[in-house]
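Colleague: Below is entry.txt; it holds compact mmCIF, C-alpha atoms.
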```
# COMPACT_ATOMS: atom_id res chain seq x y z
CA MET A 5 113.35 52.83 158.03
CA ASN A 6 114.87 52.45 154.54
CA PRO A 7 117.43 55.04 153.49
CA ALA A 8 116.03 57.53 150.96
CA VAL A 9 119.09 56.96 148.78
CA GLU A 10 121.44 54.02 148.96
CA VAL A 11 124.38 53.79 146.57
CA THR A 12 126.55 50.65 146.68
CA SER A 13 129.84 50.21 144.82
CA LEU A 14 128.63 52.32 141.91
CA GLY A 15 130.92 52.55 138.91
CA TYR A 16 130.39 54.16 135.52
CA CYS A 17 132.46 54.56 132.35
CA TYR A 18 131.42 56.93 129.59
CA PRO A 19 131.27 55.42 126.09
CA ASP A 20 134.58 57.15 125.23
CA GLY A 21 136.26 55.13 128.00
CA THR A 22 136.47 57.89 130.64
CA GLU A 23 135.98 56.37 134.05
CA ALA A 24 133.58 58.79 135.77
CA LEU A 25 132.66 56.83 138.92
CA CYS A 26 134.42 54.01 140.70
CA GLY A 27 133.21 52.15 143.80
CA VAL A 28 131.01 54.98 145.08
CA SER A 29 129.01 54.02 148.19
CA PHE A 30 126.94 56.09 150.59
CA SER A 31 123.43 56.28 151.96
CA LEU A 32 121.13 59.12 152.95
CA MET A 33 118.27 58.99 155.41
CA PRO A 34 114.99 60.75 154.49
CA GLY A 35 115.17 64.49 155.09
CA ALA A 36 118.97 64.64 154.99
CA CYS A 37 120.68 67.50 153.19
CA VAL A 38 124.10 66.54 151.84
CA GLY A 39 126.70 68.57 150.00
CA LEU A 40 128.46 66.81 147.13
CA LEU A 41 131.86 68.46 146.72
CA GLY A 42 134.80 67.95 144.44
CA PRO A 43 136.77 69.58 141.64
CA ASN A 44 135.47 69.89 138.08
CA GLY A 45 135.25 66.51 136.41
CA SER A 46 135.19 64.60 139.70
CA GLY A 47 131.93 62.82 138.83
CA LYS A 48 129.39 64.90 140.77
CA SER A 49 126.99 65.45 137.86
CA THR A 50 127.38 61.85 136.71
CA LEU A 51 126.47 60.64 140.19
CA LEU A 52 123.38 62.87 140.31
CA ARG A 53 122.23 61.46 136.96
CA HIS A 54 122.43 57.96 138.41
CA LEU A 55 120.07 58.94 141.24
CA ASN A 56 117.37 59.80 138.72
CA GLY A 57 118.01 56.80 136.47
CA LEU A 58 119.24 58.90 133.52
CA LEU A 59 122.47 56.91 133.75
CA PRO A 60 123.42 54.22 133.02
CA GLU A 61 121.68 54.11 129.65
CA LYS A 62 120.24 50.69 130.53
CA PRO A 63 119.46 50.12 134.22
CA PRO A 64 121.51 47.14 135.47
CA ALA A 65 119.85 44.10 136.99
CA ASP A 66 121.81 44.23 140.27
CA GLY A 67 120.83 47.83 141.13
CA ASN A 68 123.70 49.79 142.66
CA VAL A 69 121.32 52.65 143.39
CA ARG A 70 118.29 52.17 145.59
CA ILE A 71 115.64 54.81 146.16
CA HIS A 72 113.62 54.22 149.34
CA GLY A 73 114.86 50.63 149.27
CA GLU A 74 113.82 50.05 145.66
CA ALA A 75 116.51 49.27 143.07
CA ILE A 76 116.22 51.27 139.85
CA THR A 77 115.05 49.04 137.00
CA ALA A 78 113.61 49.70 133.56
CA GLU A 79 110.12 48.95 134.92
CA ASN A 80 110.11 51.37 137.84
CA LEU A 81 112.00 54.16 136.04
CA PRO A 82 108.94 56.43 135.67
CA SER A 83 108.12 56.19 139.38
CA ILE A 84 111.80 56.74 140.33
CA ARG A 85 111.97 59.85 138.13
CA ARG A 86 108.85 61.19 139.78
CA ARG A 87 110.35 60.70 143.24
CA VAL A 88 113.85 61.99 142.42
CA GLY A 89 113.77 65.52 141.04
CA LEU A 90 116.89 66.56 139.14
CA LEU A 91 117.82 70.21 138.81
CA PHE A 92 120.23 70.62 135.90
CA GLN A 93 123.32 72.79 135.93
CA ASN A 94 122.18 74.97 133.05
CA PRO A 95 118.61 76.30 133.44
CA ASP A 96 118.31 76.71 129.67
CA ASP A 97 118.61 72.95 129.28
CA GLN A 98 115.80 72.41 131.71
CA LEU A 99 113.32 75.11 130.69
CA PHE A 100 112.36 73.63 127.35
CA CYS A 101 108.79 74.98 127.10
CA PRO A 102 107.90 78.42 125.74
CA THR A 103 106.23 79.74 128.92
CA VAL A 104 106.78 79.29 132.65
CA GLU A 105 103.33 77.80 133.13
CA GLU A 106 103.81 75.18 130.41
CA ASP A 107 107.24 74.25 131.69
CA VAL A 108 106.11 73.79 135.29
CA ALA A 109 103.09 71.82 134.05
CA PHE A 110 105.26 69.46 131.97
CA GLY A 111 105.92 66.96 134.79
CA PRO A 112 102.36 66.86 136.20
CA ARG A 113 100.93 66.41 132.67
CA GLN A 114 103.25 63.43 132.17
CA LEU A 115 101.77 62.00 135.35
CA GLY A 116 98.36 62.07 133.69
CA LEU A 117 96.72 64.57 136.06
CA SER A 118 93.59 66.41 134.97
CA GLU A 119 94.08 69.92 133.59
CA ALA A 120 92.44 71.43 136.70
CA ALA A 121 94.78 69.51 139.01
CA VAL A 122 97.78 70.51 136.84
CA ALA A 123 96.78 74.20 136.98
CA ALA A 124 96.32 74.06 140.76
CA ARG A 125 99.68 72.40 141.25
CA VAL A 126 101.41 74.91 138.97
CA GLN A 127 99.98 77.82 140.96
CA THR A 128 101.00 76.24 144.29
CA VAL A 129 104.63 75.69 143.31
CA LEU A 130 104.94 79.08 141.61
CA VAL A 131 103.84 80.71 144.88
CA GLN A 132 106.29 78.47 146.74
CA VAL A 133 109.27 79.58 144.62
CA GLY A 134 108.22 83.23 144.53
CA LEU A 135 107.11 83.36 140.89
CA ALA A 136 103.40 83.91 141.49
CA GLY A 137 101.81 85.80 138.60
CA GLN A 138 104.72 85.06 136.23
CA ASP A 139 103.14 82.00 134.64
CA ARG A 140 102.55 83.56 131.21
CA ARG A 141 106.11 84.88 130.84
CA ALA A 142 108.39 83.46 128.15
CA THR A 143 111.09 81.29 129.70
CA HIS A 144 113.83 82.90 127.60
CA HIS A 145 112.94 86.33 128.99
CA LEU A 146 113.44 85.37 132.65
CA SER A 147 116.47 86.56 134.60
CA GLN A 148 118.99 83.92 135.63
CA GLY A 149 117.61 83.82 139.18
CA GLU A 150 114.05 83.51 137.89
CA LYS A 151 115.13 80.73 135.53
CA ARG A 152 116.58 78.82 138.48
CA ARG A 153 113.38 79.24 140.45
CA ALA A 154 111.26 78.19 137.46
CA CYS A 155 113.42 75.05 137.12
CA LEU A 156 112.91 74.27 140.79
CA ALA A 157 109.16 74.84 140.40
CA GLY A 158 109.14 72.31 137.54
CA VAL A 159 110.82 69.73 139.77
CA LEU A 160 108.63 70.48 142.80
CA ALA A 161 105.50 70.16 140.67
CA CYS A 162 106.28 66.44 140.31
CA GLU A 163 106.17 66.22 144.15
CA ALA A 164 109.62 64.68 144.32
CA SER A 165 110.72 63.55 147.78
CA ILE A 166 114.42 63.61 146.83
CA LEU A 167 116.06 66.58 145.12
CA ALA A 168 119.35 66.20 143.26
CA LEU A 169 120.65 69.69 142.60
CA ASP A 170 123.54 70.27 140.19
CA GLU A 171 125.38 73.54 140.93
CA PRO A 172 122.14 75.32 141.85
CA THR A 173 123.77 78.69 142.61
CA SER A 174 126.65 78.70 140.11
CA ASP A 175 125.46 81.57 137.92
CA LEU A 176 123.54 83.68 140.43
CA ASP A 177 124.43 87.08 141.82
CA PRO A 178 124.78 87.39 145.63
CA ARG A 179 121.13 88.33 146.10
CA GLY A 180 119.98 85.52 143.83
CA ARG A 181 122.19 83.10 145.79
CA ARG A 182 120.79 84.30 149.10
CA GLU A 183 117.20 83.97 147.91
CA PHE A 184 117.77 80.55 146.39
CA LYS A 185 119.43 79.31 149.58
CA ALA A 186 116.45 80.52 151.63
CA LEU A 187 114.15 78.73 149.19
CA LEU A 188 116.08 75.46 149.43
CA ARG A 189 116.03 75.68 153.22
CA GLN A 190 112.21 75.82 153.17
CA ILE A 191 111.80 72.74 150.98
CA ASP A 192 111.05 69.64 152.94
CA ALA A 193 112.84 66.92 150.96
CA THR A 194 116.00 64.83 150.98
CA LYS A 195 118.54 67.00 149.20
CA VAL A 196 121.83 66.19 147.47
CA ILE A 197 123.54 69.39 146.39
CA ALA A 198 126.53 69.16 144.04
CA THR A 199 128.25 72.52 144.27
CA HIS A 200 131.38 74.63 144.49
CA ASP A 201 129.48 77.13 146.66
CA LEU A 202 131.02 76.14 149.99
CA GLU A 203 129.08 78.81 151.90
CA LEU A 204 125.85 77.19 150.77
CA VAL A 205 127.13 73.82 151.97
CA VAL A 206 128.09 75.25 155.37
CA GLU A 207 124.69 76.86 155.75
CA LEU A 208 122.46 74.05 154.48
CA CYS A 209 124.24 70.73 154.69
CA ALA A 210 125.13 69.02 157.95
CA ARG A 211 126.96 66.33 156.01
CA SER A 212 129.22 66.44 152.98
CA ILE A 213 130.72 63.93 150.59
CA VAL A 214 133.90 64.78 148.71
CA LEU A 215 134.41 63.14 145.31
CA ASP A 216 137.62 63.16 143.31
CA HIS A 217 138.42 61.16 140.17
CA GLY A 218 135.09 59.37 140.58
CA ARG A 219 135.84 58.07 144.11
CA VAL A 220 134.50 59.11 147.50
CA VAL A 221 137.55 60.53 149.27
CA ALA A 222 135.78 61.86 152.36
CA ASP A 223 132.32 61.58 153.89
CA GLY A 224 131.39 63.24 157.16
CA ALA A 225 130.29 66.33 159.04
CA THR A 226 130.54 69.38 156.77
CA LEU A 227 132.40 71.55 159.26
CA GLU A 228 134.97 68.88 159.94
CA LEU A 229 135.63 68.25 156.27
CA LEU A 230 135.65 71.87 155.17
CA GLY A 231 137.79 72.82 158.18
CA ASN A 232 140.45 70.32 157.09
CA GLU A 233 142.53 72.59 154.89
CA GLU A 234 144.89 69.83 153.79
CA LEU A 235 142.01 67.68 152.56
CA MET A 236 140.35 70.61 150.84
CA LEU A 237 143.48 71.71 148.98
CA ALA A 238 144.35 68.13 147.98
CA HIS A 239 141.02 67.89 146.15
CA GLY A 240 140.81 71.22 144.38
CA LEU A 241 138.74 72.89 147.11
CA GLU A 242 139.52 75.40 149.84
CA ARG A 243 138.61 76.15 153.42
CA PRO A 244 135.73 78.63 153.10
CA HIS A 245 136.08 82.04 154.79
CA ILE A 246 132.66 81.64 156.33
CA LEU A 247 134.10 79.02 158.72
CA GLN A 248 135.96 81.77 160.56
CA HIS A 249 132.59 83.13 161.69
CA VAL A 250 130.94 79.84 162.59
CA HIS A 251 131.19 78.52 166.12
CA PRO A 252 132.56 74.98 165.92
CA HIS A 253 130.08 73.55 168.41
CA HIS A 254 126.90 75.30 167.32
CA PRO A 255 127.47 75.46 163.67
CA HIS A 256 124.31 74.55 161.87
CA GLU A 257 121.12 76.25 161.04
CA ALA A 258 120.37 73.23 158.94
CA HIS A 259 119.61 69.73 160.14
CA MET B 9 105.80 90.48 117.44
CA PHE B 10 104.55 94.06 117.56
CA ALA B 11 101.88 95.02 120.07
CA GLY B 12 99.09 97.52 119.77
CA GLY B 13 97.38 96.98 116.41
CA PRO B 14 93.87 95.63 115.78
CA LEU B 15 95.20 92.43 114.17
CA GLN B 16 97.13 91.66 117.34
CA ARG B 17 93.90 91.70 119.35
CA LEU B 18 92.14 89.10 117.17
CA PRO B 19 92.06 85.49 118.45
CA ALA B 20 95.01 83.39 117.28
CA ALA B 21 92.69 80.67 115.91
CA LEU B 22 90.97 83.21 113.62
CA LYS B 23 94.27 84.59 112.33
CA LEU B 24 95.68 81.13 111.75
CA SER B 25 92.59 80.04 109.79
CA ALA B 26 92.59 83.29 107.79
CA ALA B 27 96.28 82.84 106.93
CA LEU B 28 95.63 79.27 105.84
CA VAL B 29 92.70 80.33 103.64
CA ILE B 30 94.74 83.15 102.07
CA ILE B 31 97.69 80.87 101.35
CA VAL B 32 95.62 78.05 99.88
CA GLY B 33 93.52 80.61 97.94
CA THR B 34 96.64 82.26 96.52
CA VAL B 35 98.10 78.97 95.42
CA LEU B 36 94.86 77.88 93.73
CA LEU B 37 94.18 81.23 92.03
CA PRO B 38 94.19 80.91 88.18
CA VAL B 39 97.39 82.35 86.70
CA ASP B 40 95.65 85.00 84.61
CA TRP B 41 93.88 86.63 87.58
CA ILE B 42 96.69 89.10 88.05
CA GLY B 43 94.33 91.82 89.30
CA CYS B 44 93.32 89.57 92.20
CA LEU B 45 96.96 89.02 93.16
CA ALA B 46 97.61 92.77 93.07
CA GLY B 47 94.52 93.38 95.21
CA GLU B 48 95.63 90.75 97.68
CA GLY B 49 99.09 92.34 97.88
CA LEU B 50 97.53 95.72 98.60
CA ALA B 51 95.25 94.23 101.27
CA LEU B 52 98.20 92.55 102.98
CA MET B 53 100.20 95.78 102.93
CA LEU B 54 97.22 97.62 104.41
CA ALA B 55 96.98 94.98 107.15
CA ALA B 56 100.67 95.51 107.88
CA VAL B 57 100.15 99.26 108.15
CA VAL B 58 97.20 99.00 110.56
CA SER B 59 99.14 96.42 112.61
CA ARG B 60 101.92 99.03 113.02
CA ILE B 61 104.59 96.76 111.63
CA PRO B 62 107.42 99.01 110.41
CA PHE B 63 107.69 98.81 106.65
CA LEU B 64 111.45 98.38 106.80
CA ILE B 65 111.17 95.33 109.02
CA LEU B 66 108.62 93.78 106.69
CA ILE B 67 110.92 94.30 103.70
CA ARG B 68 113.91 92.95 105.62
CA ARG B 69 112.07 89.78 106.63
CA LEU B 70 110.84 89.33 103.09
CA ALA B 71 114.34 89.87 101.69
CA MET B 72 115.66 87.09 103.94
CA LEU B 73 113.18 84.66 102.41
CA LEU B 74 113.31 85.88 98.79
CA PRO B 75 116.13 83.51 97.76
CA PHE B 76 113.67 80.65 98.27
CA VAL B 77 111.08 82.47 96.15
CA PHE B 78 113.59 82.94 93.35
CA GLY B 79 114.63 79.32 93.68
CA VAL B 80 111.04 78.23 93.12
CA ALA B 81 110.59 80.75 90.30
CA LEU B 82 113.78 79.52 88.64
CA ALA B 83 112.49 75.97 88.82
CA GLY B 84 109.33 77.21 87.06
CA MET B 85 111.37 79.04 84.44
CA LEU B 86 113.37 75.90 83.63
CA ASN B 87 110.23 73.78 83.49
CA PRO B 88 110.46 71.81 80.22
CA GLY B 89 106.75 72.37 79.50
CA GLY B 90 107.36 76.11 79.63
CA GLY B 91 103.73 76.67 80.55
CA LEU B 92 104.48 78.18 83.95
CA ASP B 93 105.06 81.89 84.16
CA TRP B 94 107.91 82.42 86.63
CA ARG B 95 106.64 85.92 87.45
CA ILE B 96 103.30 84.57 88.66
CA ILE B 97 105.11 81.95 90.72
CA ALA B 98 107.34 84.62 92.27
CA ALA B 99 104.33 86.86 93.01
CA LYS B 100 102.30 84.04 94.55
CA SER B 101 105.21 82.85 96.72
CA THR B 102 105.92 86.40 97.88
CA LEU B 103 102.28 86.90 98.86
CA CYS B 104 102.24 83.64 100.80
CA LEU B 105 105.42 84.64 102.62
CA LEU B 106 103.98 88.06 103.38
CA THR B 107 100.94 86.36 104.93
CA VAL B 108 103.14 84.18 107.14
CA ILE B 109 105.29 87.16 108.16
CA LEU B 110 102.15 89.13 109.05
CA LEU B 111 100.85 86.21 111.10
CA SER B 112 104.15 85.77 112.95
CA HIS B 113 104.38 89.49 113.72
CA THR B 114 100.86 89.78 115.08
CA THR B 115 100.51 86.46 116.93
CA PRO B 116 102.86 85.03 119.58
CA LEU B 117 104.04 81.59 118.46
CA GLY B 118 103.01 80.15 121.84
CA GLU B 119 99.38 80.97 120.94
CA VAL B 120 99.74 79.45 117.46
CA ILE B 121 101.11 76.28 119.05
CA ARG B 122 98.20 76.13 121.49
CA VAL B 123 95.75 76.45 118.59
CA LEU B 124 97.54 73.64 116.74
CA GLN B 125 97.25 71.49 119.87
CA ARG B 126 93.53 72.20 120.04
CA LEU B 127 93.22 71.27 116.36
CA ARG B 128 94.82 67.92 117.26
CA VAL B 129 97.86 68.38 115.03
CA PRO B 130 100.18 65.40 115.84
CA GLY B 131 101.86 65.94 119.24
CA LEU B 132 105.35 65.20 117.96
CA LEU B 133 105.09 67.96 115.35
CA VAL B 134 103.76 70.48 117.89
CA THR B 135 106.47 69.57 120.43
CA THR B 136 109.16 69.93 117.76
CA MET B 137 107.81 73.36 116.81
CA ALA B 138 107.66 74.47 120.45
CA LEU B 139 111.22 73.26 121.11
CA MET B 140 112.48 74.96 117.95
CA HIS B 141 110.87 78.22 119.01
CA ARG B 142 112.29 77.93 122.50
CA TYR B 143 115.87 77.11 121.45
CA LEU B 144 116.22 79.42 118.46
CA PHE B 145 116.86 82.24 120.93
CA VAL B 146 119.40 80.20 122.90
CA LEU B 147 121.20 79.19 119.70
CA ALA B 148 121.19 82.78 118.44
CA ASP B 149 122.68 83.87 121.76
CA GLU B 150 125.35 81.20 121.51
CA ALA B 151 126.17 82.16 117.94
CA GLY B 152 126.45 85.80 119.07
CA HIS B 153 128.81 84.83 121.92
CA MET B 154 131.03 82.85 119.58
CA ARG B 155 131.01 85.62 116.96
CA ARG B 156 132.11 88.16 119.56
CA ALA B 157 134.74 85.79 120.96
CA ARG B 158 136.08 85.27 117.44
CA ALA B 159 136.02 88.99 116.65
CA SER B 160 137.92 89.81 119.84
CA ARG B 161 140.82 87.64 118.67
CA THR B 162 140.69 88.42 114.96
CA PHE B 163 143.57 90.66 113.94
CA THR B 164 143.52 90.31 110.19
CA ARG B 165 141.19 91.45 107.47
CA GLY B 166 141.89 88.45 105.25
CA ARG B 167 138.68 87.26 103.66
CA ARG B 168 139.83 83.66 103.45
CA PHE B 169 140.54 83.66 107.16
CA ALA B 170 137.09 85.15 107.88
CA TRP B 171 135.40 82.38 105.89
CA SER B 172 137.37 79.62 107.56
CA ALA B 173 136.65 81.16 110.99
CA LEU B 174 132.96 81.29 110.12
CA ALA B 175 133.07 77.62 109.14
CA THR B 176 134.66 76.81 112.53
CA VAL B 177 131.98 78.78 114.38
CA LEU B 178 129.20 77.04 112.44
CA SER B 179 130.61 73.59 113.09
CA ARG B 180 131.04 74.39 116.79
CA LEU B 181 127.48 75.69 116.88
CA PHE B 182 126.25 72.46 115.33
CA ILE B 183 128.14 70.35 117.90
CA ARG B 184 126.92 72.51 120.79
CA ALA B 185 123.36 72.32 119.49
CA SER B 186 123.47 68.54 119.29
CA GLU B 187 125.00 68.25 122.77
CA ARG B 188 122.34 70.60 124.10
CA ALA B 189 119.66 68.50 122.41
CA GLU B 190 120.92 65.49 124.38
CA ARG B 191 120.82 67.44 127.65
CA ILE B 192 117.30 68.69 126.90
CA TYR B 193 116.19 65.15 126.16
CA ASP B 194 117.66 64.10 129.53
CA ALA B 195 115.82 66.96 131.24
CA MET B 196 112.58 65.85 129.58
CA CYS B 197 113.14 62.23 130.66
CA ALA B 198 113.95 63.40 134.20
CA ARG B 199 110.44 64.83 134.39
CA GLY B 200 108.67 61.78 133.06
CA TRP B 201 108.78 62.18 129.25
CA LYS B 202 107.84 58.88 127.64
```
Show me this structure written as structure tokens.
Modeller:
Amino acid sequence: MNPAVEVTSLGYCYPDGTEALCGVSFSLMPGACVGLLGPNGSGKSTLLRHLNGLLPEKPPADGNVRIHGEAITAENLPSIRRRVGLLFQNPDDQLFCPTVEEDVAFGPRQLGLSEAAVAARVQTVLVQVGLAGQDRRATHHLSQGEKRRACLAGVLACEASILALDEPTSDLDPRGRREFKALLRQIDATKVIATHDLELVVELCARSIVLDHGRVVADGATLELLGNEELMLAHGLERPHILQHVHPHHPHEAH
Amino acid sequence: MFAGGPLQRLPAALKLSAALVIIVGTVLLPVDWIGCLAGEGLALMLAAVVSRIPFLILIRRLAMLLPFVFGVALAGMLNPGGGLDWRIIAAKSTLCLLTVILLSHTTPLGEVIRVLQRLRVPGLLVTTMALMHRYLFVLADEAGHMRRARASRTFTRGRRFAWSALATVLSRLFIRASERAERIYDAMCARGWK
């Protein structure tokens, strides 16, 4: 079976010369849930943008990123973007339509579905994310937690099999975080979660990758990595308190 | 948008067509039909009253747009032919603005945009309008945040300082808006925008 995501020696420099990624390699099997950790500016968001083909500006011929065995090229970009759903860090960047219904329908409409099929899909994903009956609400009137869920609905509506989530819980209150975590747990997809929320990583991700200065500095079992205080502190992270309450041999609710 | 009045309950398509007819009619009205203009003004005010739009709000919105009216009137006044009466121009422009304000306060913009889509107005124009409507609130929020942040660290009453600080805020707002535009475009591409 092909890996869902395969990244080989990926490097990227921003136009201003900042080296954001350097020699990044890893692969994820379908259904995996991986935490992408690292300090601010370590290249997490840049890496996620590569998975969806937003970066580099022109897809290279050699293809450092493969999705289900297929290298990203200019020709297959639309199909890659349908398969890899990207959840942006700031929900206001992602909710660009006036109402929830229109925003969630944006992806399916781009796919050329009939209006009836679009409406059915919108209703299904709104129920899935717990926003049933909120379709006519203005996106700018939603609470932060609702905005996050609406963003996720927009991504799920494209029926993506891989989700790249950029700081999905960063601006949520504890209840919002709890609910969003429960929601992510239910979604059956390959997930890459870039986050500083180490509790979320412990609860959802069996494996973690630590990035720093655009390089992979550690890749392995979440509990092992997060339990390594020296490693955590060296890369702007910390050993989460939740680890004190997790049994080292039966740690995961996630798979 | 104010809820509850009879105008609010009318279909958006009807209101949009009525507004268009009123505006075009006002523009085409012969200049000496002053009675008609006065009657139209009264009718619009009556519509505002039955729509329960507070008079003060109406005046405030109008006052915000009046500089443009005076600009147009001034252009008429300085017209070398001298045939254009600047007062008629000012009255006509004010009536047109009043119509647009009434429409915007009785019809959610989302509905207006849907009507425009149905009327097959070019997609790019409709998308631009929808995006503008969506992000005006976000930009206003951002401007408010920056204004408060500036006020919290402003310890002088110097007017020159206030103007230069305002210029800084505006330039920052412009940069933030353009960066946000790039992120929104990315978000659109990520969901299949072609």
Colleague: Output as a PDB file with C-alpha atoms, in the coordinates of the input the set of chain B residues within 7 Å of chain A, with distances taken over only C-alpha atoms.
Modeller:
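So part13.pdb came out as:
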```pdb
ATOM      1  CA  GLY B 118     103.010  80.150 121.840  1.00  0.00           C
ATOM      2  CA  ALA B 138     107.660  74.470 120.450  1.00  0.00           C
ATOM      3  CA  LEU B 139     111.220  73.260 121.110  1.00  0.00           C
ATOM      4  CA  ARG B 142     112.290  77.930 122.500  1.00  0.00           C
ATOM      5  CA  ARG B 188     122.340  70.600 124.100  1.00  0.00           C
ATOM      6  CA  ARG B 191     120.820  67.440 127.650  1.00  0.00           C
ATOM      7  CA  ILE B 192     117.300  68.690 126.900  1.00  0.00           C
ATOM      8  CA  ASP B 194     117.660  64.100 129.530  1.00  0.00           C
ATOM      9  CA  ALA B 195     115.820  66.960 131.240  1.00  0.00           C
ATOM     10  CA  ALA B 198     113.950  63.400 134.200  1.00  0.00           C
ATOM     11  CA  ARG B 199     110.440  64.830 134.390  1.00  0.00           C
ATOM     12  CA  GLY B 200     108.670  61.780 133.060  1.00  0.00           C
ATOM     13  CA  TRP B 201     108.780  62.180 129.250  1.00  0.00           C
TER      14      TRP B 201
END
```
Colleague: How many Å lie between atom CA of Val9 of chain A and atom CA of Gly149 of chain A, rounded to one decimal?
Modeller: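 Atom-to-atom, atom CA of Val9 of chain A and atom CA of Gly149 of chain A are spaced 28.6 Å apart.
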Colleague: As an exercise, work out the distance from atom CA of Thr77 of chain A to atom CA of Asn6 of chain A in Å and give it to one decimal place.
Modeller: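 Going from atom CA of Thr77 of chain A over to atom CA of Asn6 of chain A, I get 17.9 Å.
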Colleague: What's around segment 14-31 of chain B at 9 Å? Count all atoms listed in the file, leave out sequence neighbours fewer than 6 positions away in its own chain, and write the answer as a list of chain:residue names.
Modeller: B:Glu48, B:Ala55, B:Ala56, B:Val58, B:Ser59, B:Lys100, B:Leu103, B:Cys104, B:Leu105, B:Thr107, B:Val108, B:Leu110, B:Leu111, B:His113, B:Thr114, B:Thr115, B:Pro116, B:Glu119, B:Val120, B:Arg122, B:Val123, B:Leu124
Colleague: Expressed in Å to a single decimal, how great is the separation between atom CA of Arg152 of chain A and atom CA of Met140 of chain B?
Modeller: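 Calculated distance between atom CA of Arg152 of chain A and atom CA of Met140 of chain B is 21.3 Å.
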Colleague: Do a neighbour search on Ile97 of chain B at 8 Å with all atoms listed in the file, toss out local chain neighbours closer than 4 positions, and write the hits as number ranges by chain.
Modeller: B: 80-81, 84, 92-93, 101
Colleague: Could you save those same residues with C-alpha atoms as a PDB file, keeping the file's coordinate frame?
Modeller:
```pdb
ATOM      1  CA  VAL B  80     111.040  78.230  93.120  1.00  0.00           C
ATOM      2  CA  ALA B  81     110.590  80.750  90.300  1.00  0.00           C
ATOM      3  CA  GLY B  84     109.330  77.210  87.060  1.00  0.00           C
ATOM      4  CA  LEU B  92     104.480  78.180  83.950  1.00  0.00           C
ATOM      5  CA  ASP B  93     105.060  81.890  84.160  1.00  0.00           C
ATOM      6  CA  SER B 101     105.210  82.850  96.720  1.00  0.00           C
TER       7      SER B 101
END
```
Colleague: Env of Val126 of chain A: 7 Å cut, atoms = only C-alpha atoms, seq-sep filter 3 positions within chain, self excluded. Answer as a list in words.
Modeller: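 The neighbour list is Glu105, Val108, Ala109, Val122, Ala123, Val129, Leu130 and Ala161 of chain A.
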Colleague: Keeping just C-alpha atoms, export segment 167-188 of chain B of this structure as a compact mmCIF listing (two decimals), in the first residue's frame.
Modeller:
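Saved result, decode_39.txt, follows:
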```txt
# COMPACT_ATOMS: atom_id res chain seq x y z
CA ARG B 167 -2.34 66.91 17.30
CA ARG B 168 0.64 66.35 15.06
CA PHE B 169 1.45 63.15 16.91
CA ALA B 170 -2.18 61.99 16.59
CA TRP B 171 -2.09 62.52 12.81
CA SER B 172 1.21 60.72 12.38
CA ALA B 173 -0.06 57.84 14.56
CA LEU B 174 -3.21 57.66 12.44
CA ALA B 175 -1.07 57.49 9.30
CA THR B 176 0.90 54.60 10.85
CA VAL B 177 -2.31 52.74 11.74
CA LEU B 178 -3.69 53.23 8.22
CA SER B 179 -0.52 52.01 6.56
CA ARG B 180 -0.41 48.98 8.88
CA LEU B 181 -4.05 48.30 8.09
CA PHE B 182 -3.29 48.42 4.39
CA ILE B 183 -0.39 45.96 4.78
CA ARG B 184 -2.45 43.63 6.96
CA ALA B 185 -5.33 43.78 4.48
CA SER B 186 -3.08 42.87 1.57
CA GLU B 187 -1.45 40.03 3.53
CA ARG B 188 -4.89 38.77 4.50
```
